[in-house]
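Some notes on the structure that comes next.
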2 protein chains.
Amino acid sequence: MANEICPVRDVIARISDKWSILSIYALGAYGKLRFSELIHKIDGISHRMLTVTLRNLEGDGYIKRTVYAEVPPRVDYELTELGRSLMQELSGIIGWAEKNGKEILAFRNKK
Amino acid sequence: MANEICPVRDVIARISDKWSILSIYALGAYGKLRFSELIHKIDGISHRMLTVTLRNLEGDGYIKRTVYAEVPPRVDYELTELGRSLMQELSGIIGWAEKNGKEILAFRNKK
DNA sequence: CAGGATCCCCGACGATACTG
DNA sequence: CAGTATCGTCGGGGATCCTG
């Protein structure tokens with residue numbers, strides 16, 4: 001499990017921050033969304049962090065950003081092919097968490 | 001995507017820290033390991049963080065800790081049934097990352 | 001050898017204010 | 001409406017030292 005130059009660790013590290021998974025999930029669940037819609041779907045995220053997170057995800061190729069030349073400005077985001085394939089995997093874990101979440105919380109609280 | 005009382009977000013948040021996934025993965029890949037073995041498998045982890053991480057994982061029921069009454073002390077760790085089922089899901093993402101990691105890094109570096 | 005306790009740094013993140 | 005810039009805080013996590 002070497003760390004340097006290990007793409008796997010690198011990829012996982014970028015995804016497993018506080019907001020990336022939720023952002024990908026929102027786009028996966030609702031399809032194309034604009035900035036202001038995203039900020040409402042992702043409960044608790046700040047303006048700033050949504051911007052930062054979207055930039056990172058775009059930089060890694062998970063999402064596509066489209067700007068419309070309108071006033072007021074309109075920008076929307078959607079998953080790329082890569083993003084959708086990642087979304088598949090995330091769905092697996094999310095489904096797992098849905099199924100086992102209660103049990104885990106219960107276990108944690110007793111003792 | 002409400003946050004409070006959402007077991008899914010809670011579970012994901014606990015797993016997606018810097019070392020939990022790697023620890024689970026190490027135990028999944030190598031089976032039962034003692035503390036000193038784990039610290040060598042997980043490249044770059046500090047003594048302290050391995051302790052903390054293992055405590056959390058144990059607290060959530062992912063791993064089982066066994067202490068032997070020997071001198072010098074001997075403690076080993078292994079995945080529980082819950083841990084192994086999570087490991088299944090993680091394997092999916094890790095496999096995905098292995099397959100797409102190069103492409104992502106390349107995309108990130110070009111522009 | 002396993003692991004607790006302490007100290008400390010730095011980066012992630014939120015709040016806020018400003019632009020096109 | 002979407003995005004940038006600045007600032008301050010707070011806690012994750014590394015280094016180190018001490019115990020059984």
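Residues in the structure tokens are named by chain (A, B, ... in the order shown) and by number from 1 within that chain; ligands are numbered from 1 in the order shown.
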Find the residues near range 2-10 of chain C: any atom within 12 Å, counting only C-alpha atoms (C1' of nucleotides), skip ones fewer than 2 places away on the same chain, and give them as an MDAnalysis selection string.
(chainID B and resid 34:37 39 47:52 54:55 66:68 70:76) or (chainID C and resid 12) or (chainID D and resid 10:20)
Residue selection dump (C-alpha atoms (C1' of nucleotides)) as a PDB file, in the first residue's frame:
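Done, and the output landed in again.pdb:
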ATOM      1  CA  ARG B  34      -1.576  -7.073  14.729  1.00  0.00           C
ATOM      2  CA  PHE B  35      -1.017  -3.404  15.447  1.00  0.00           C
ATOM      3  CA  SER B  36       2.596  -3.364  14.329  1.00  0.00           C
ATOM      4  CA  GLU B  37       1.760  -5.167  11.130  1.00  0.00           C
ATOM      5  CA  ILE B  39       1.242   0.230  10.780  1.00  0.00           C
ATOM      6  CA  HIS B  47       1.126   5.588  15.520  1.00  0.00           C
ATOM      7  CA  ARG B  48      -1.487   7.889  16.968  1.00  0.00           C
ATOM      8  CA  MET B  49      -3.818   7.940  14.007  1.00  0.00           C
ATOM      9  CA  LEU B  50      -3.779   4.182  13.660  1.00  0.00           C
ATOM     10  CA  THR B  51      -4.904   3.932  17.282  1.00  0.00           C
ATOM     11  CA  VAL B  52      -7.613   6.531  16.832  1.00  0.00           C
ATOM     12  CA  LEU B  54      -8.995   1.534  14.938  1.00  0.00           C
ATOM     13  CA  ARG B  55     -10.953   2.730  17.971  1.00  0.00           C
ATOM     14  CA  THR B  66      -8.449  -9.195  20.437  1.00  0.00           C
ATOM     15  CA  VAL B  67      -5.963  -8.763  23.254  1.00  0.00           C
ATOM     16  CA  TYR B  68      -3.684 -11.613  24.281  1.00  0.00           C
ATOM     17  CA  GLU B  70       1.214 -11.958  26.864  1.00  0.00           C
ATOM     18  CA  VAL B  71       4.361 -10.018  27.475  1.00  0.00           C
ATOM     19  CA  PRO B  72       5.119  -8.156  25.356  1.00  0.00           C
ATOM     20  CA  PRO B  73       1.485  -7.394  24.633  1.00  0.00           C
ATOM     21  CA  ARG B  74      -0.085  -8.724  21.515  1.00  0.00           C
ATOM     22  CA  VAL B  75      -3.247  -7.323  19.993  1.00  0.00           C
ATOM     23  CA  ASP B  76      -4.780  -8.182  16.717  1.00  0.00           C
TER      24      ASP B  76
ATOM     25  C1'  DA C  12     -10.268  23.003   5.491  1.00  0.00           C
TER      26       DA C  12
ATOM     27  C1'  DC D  10     -11.524  25.119  14.668  1.00  0.00           C
ATOM     28  C1'  DG D  11     -10.152  20.525  14.668  1.00  0.00           C
ATOM     29  C1'  DG D  12      -7.564  16.798  12.163  1.00  0.00           C
ATOM     30  C1'  DG D  13      -3.592  14.848  12.651  1.00  0.00           C
ATOM     31  C1'  DG D  14       1.699  14.626  13.221  1.00  0.00           C
ATOM     32  C1'  DA D  15       5.677  14.539  16.686  1.00  0.00           C
ATOM     33  C1'  DT D  16       7.024  13.329  20.929  1.00  0.00           C
ATOM     34  C1'  DC D  17       7.180  11.409  25.453  1.00  0.00           C
ATOM     35  C1'  DC D  18       5.440   8.342  29.026  1.00  0.00           C
ATOM     36  C1'  DT D  19       3.160   3.804  30.940  1.00  0.00           C
ATOM     37  C1'  DG D  20       2.019  -1.278  31.650  1.00  0.00           C
TER      38       DG D  20
END
With a distance cut-off of 12 Å and only C-alpha atoms (C1' of nucleotides), select the neighbouring residues of DA17 in chain C, excluding the residue or stretch itself and same-chain residues fewer than 4 positions from it, and output the selection as a list of chain:residue names.
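In the requested form, the answer reads D:DT4, D:DA5, D:DT6, D:DC7.
Across the model, the gap from CA of Met1 in chain B to CA of Gly31 in chain A is 14.8 Å.
Taking CA of Gly83 in chain B as the reference point, CA of Gly28 in chain B is found at 8.3 Å.
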Between CA of Leu57 in chain B and CA of Gly92 in chain A, what is the distance, to one decimal in Å?
20.0 Å
Would you return as a PyMOL selection string the members of chain B that DSSP assigns to helix (DSSP H, G or I) on this structure's backbone?
chain B and resi 7-15+20-30+35-41+47-59+81-109
Restrict the calculation to only C-alpha atoms, then for each residue of chain A with any atom at most 8 Å from an atom of chain B give the closest atom pair and their distance in Å to one decimal, rows by chain and rising residue number, as a tab-separated table.
residue	atom	partner	partner_atom	distance
A:Met1	CA	B:Asp43	CA	6.0
A:Ala2	CA	B:Asp43	CA	5.6
A:Asn3	CA	B:Asp43	CA	6.0
A:Pro7	CA	B:Gly101	CA	5.1
A:Val8	CA	B:Ala97	CA	5.2
A:Val11	CA	B:Gly101	CA	6.5
A:Ile12	CA	B:Ala97	CA	7.4
A:Ala13	CA	B:Lys18	CA	7.2
A:Ser16	CA	B:Ser16	CA	5.1
A:Asp17	CA	B:Ser16	CA	7.0
A:Lys18	CA	B:Ala13	CA	7.3
A:Lys41	CA	B:Met1	CA	6.1
A:Ile42	CA	B:Met1	CA	6.0
A:Asp43	CA	B:Ala2	CA	5.6
A:Gly44	CA	B:Asn3	CA	7.4
A:Gly59	CA	B:Arg108	CA	5.7
A:Asp60	CA	B:Arg108	CA	5.2
A:Gly61	CA	B:Phe107	CA	6.8
A:Leu86	CA	B:Trp96	CA	7.5
A:Glu89	CA	B:Ile93	CA	5.7
A:Leu90	CA	B:Ile93	CA	7.4
A:Gly92	CA	B:Glu89	CA	6.3
A:Ile93	CA	B:Glu89	CA	5.7
A:Ile94	CA	B:Val8	CA	6.6
A:Trp96	CA	B:Leu86	CA	7.5
A:Ala97	CA	B:Val8	CA	5.2
A:Glu98	CA	B:Val8	CA	5.7
A:Gly101	CA	B:Pro7	CA	5.2
A:Lys102	CA	B:Pro7	CA	6.6
A:Ile104	CA	B:Asp60	CA	5.7
A:Leu105	CA	B:Asp60	CA	7.4
A:Phe107	CA	B:Asp60	CA	6.4
A:Arg108	CA	B:Asp60	CA	5.2
Specify as a list in words all residues of chain C found within 12 Å of chain A, counting only C-alpha atoms (C1' of nucleotides).
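The contacting residues on chain C are DA12, DC13, DG14, DA15, DT16 and DG20 of chain C.
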Could you please select, counting only C-alpha atoms (C1' of nucleotides), the residues of chain D within 8 Å of chain A and state them as a PyMOL selection string?
chain D and resi 1-3
Residues of the last selection are to be written out with N, CA, C and O atoms (P, O5', C5', C4', C3', O3' and C1' of nucleotides), as a PDB file, in the first residue's frame.
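Result written to out_13.pdb:
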ATOM      1  P    DC D   1     -31.470  34.753  -7.431  1.00  0.00           P
ATOM      2  O5'  DC D   1     -30.388  34.805  -8.619  1.00  0.00           O
ATOM      3  C5'  DC D   1     -30.760  34.130  -9.824  1.00  0.00           C
ATOM      4  C4'  DC D   1     -29.495  33.761 -10.553  1.00  0.00           C
ATOM      5  C3'  DC D   1     -28.629  32.747  -9.800  1.00  0.00           C
ATOM      6  O3'  DC D   1     -28.155  31.801 -10.759  1.00  0.00           O
ATOM      7  C1'  DC D   1     -27.388  34.758 -10.154  1.00  0.00           C
ATOM      8  P    DA D   2     -27.393  30.464 -10.357  1.00  0.00           P
ATOM      9  O5'  DA D   2     -25.847  30.834 -10.474  1.00  0.00           O
ATOM     10  C5'  DA D   2     -25.333  31.097 -11.776  1.00  0.00           C
ATOM     11  C4'  DA D   2     -23.932  31.636 -11.687  1.00  0.00           C
ATOM     12  C3'  DA D   2     -22.959  30.740 -10.909  1.00  0.00           C
ATOM     13  O3'  DA D   2     -21.862  30.460 -11.757  1.00  0.00           O
ATOM     14  C1'  DA D   2     -22.815  32.985 -10.146  1.00  0.00           C
ATOM     15  P    DG D   3     -20.634  29.540 -11.170  1.00  0.00           P
ATOM     16  O5'  DG D   3     -19.649  30.629 -10.591  1.00  0.00           O
ATOM     17  C5'  DG D   3     -19.167  31.608 -11.502  1.00  0.00           C
ATOM     18  C4'  DG D   3     -18.336  32.605 -10.723  1.00  0.00           C
ATOM     19  C3'  DG D   3     -17.248  31.944  -9.872  1.00  0.00           C
ATOM     20  O3'  DG D   3     -15.991  32.355 -10.378  1.00  0.00           O
ATOM     21  C1'  DG D   3     -18.345  33.695  -8.728  1.00  0.00           C
TER      22       DG D   3
END
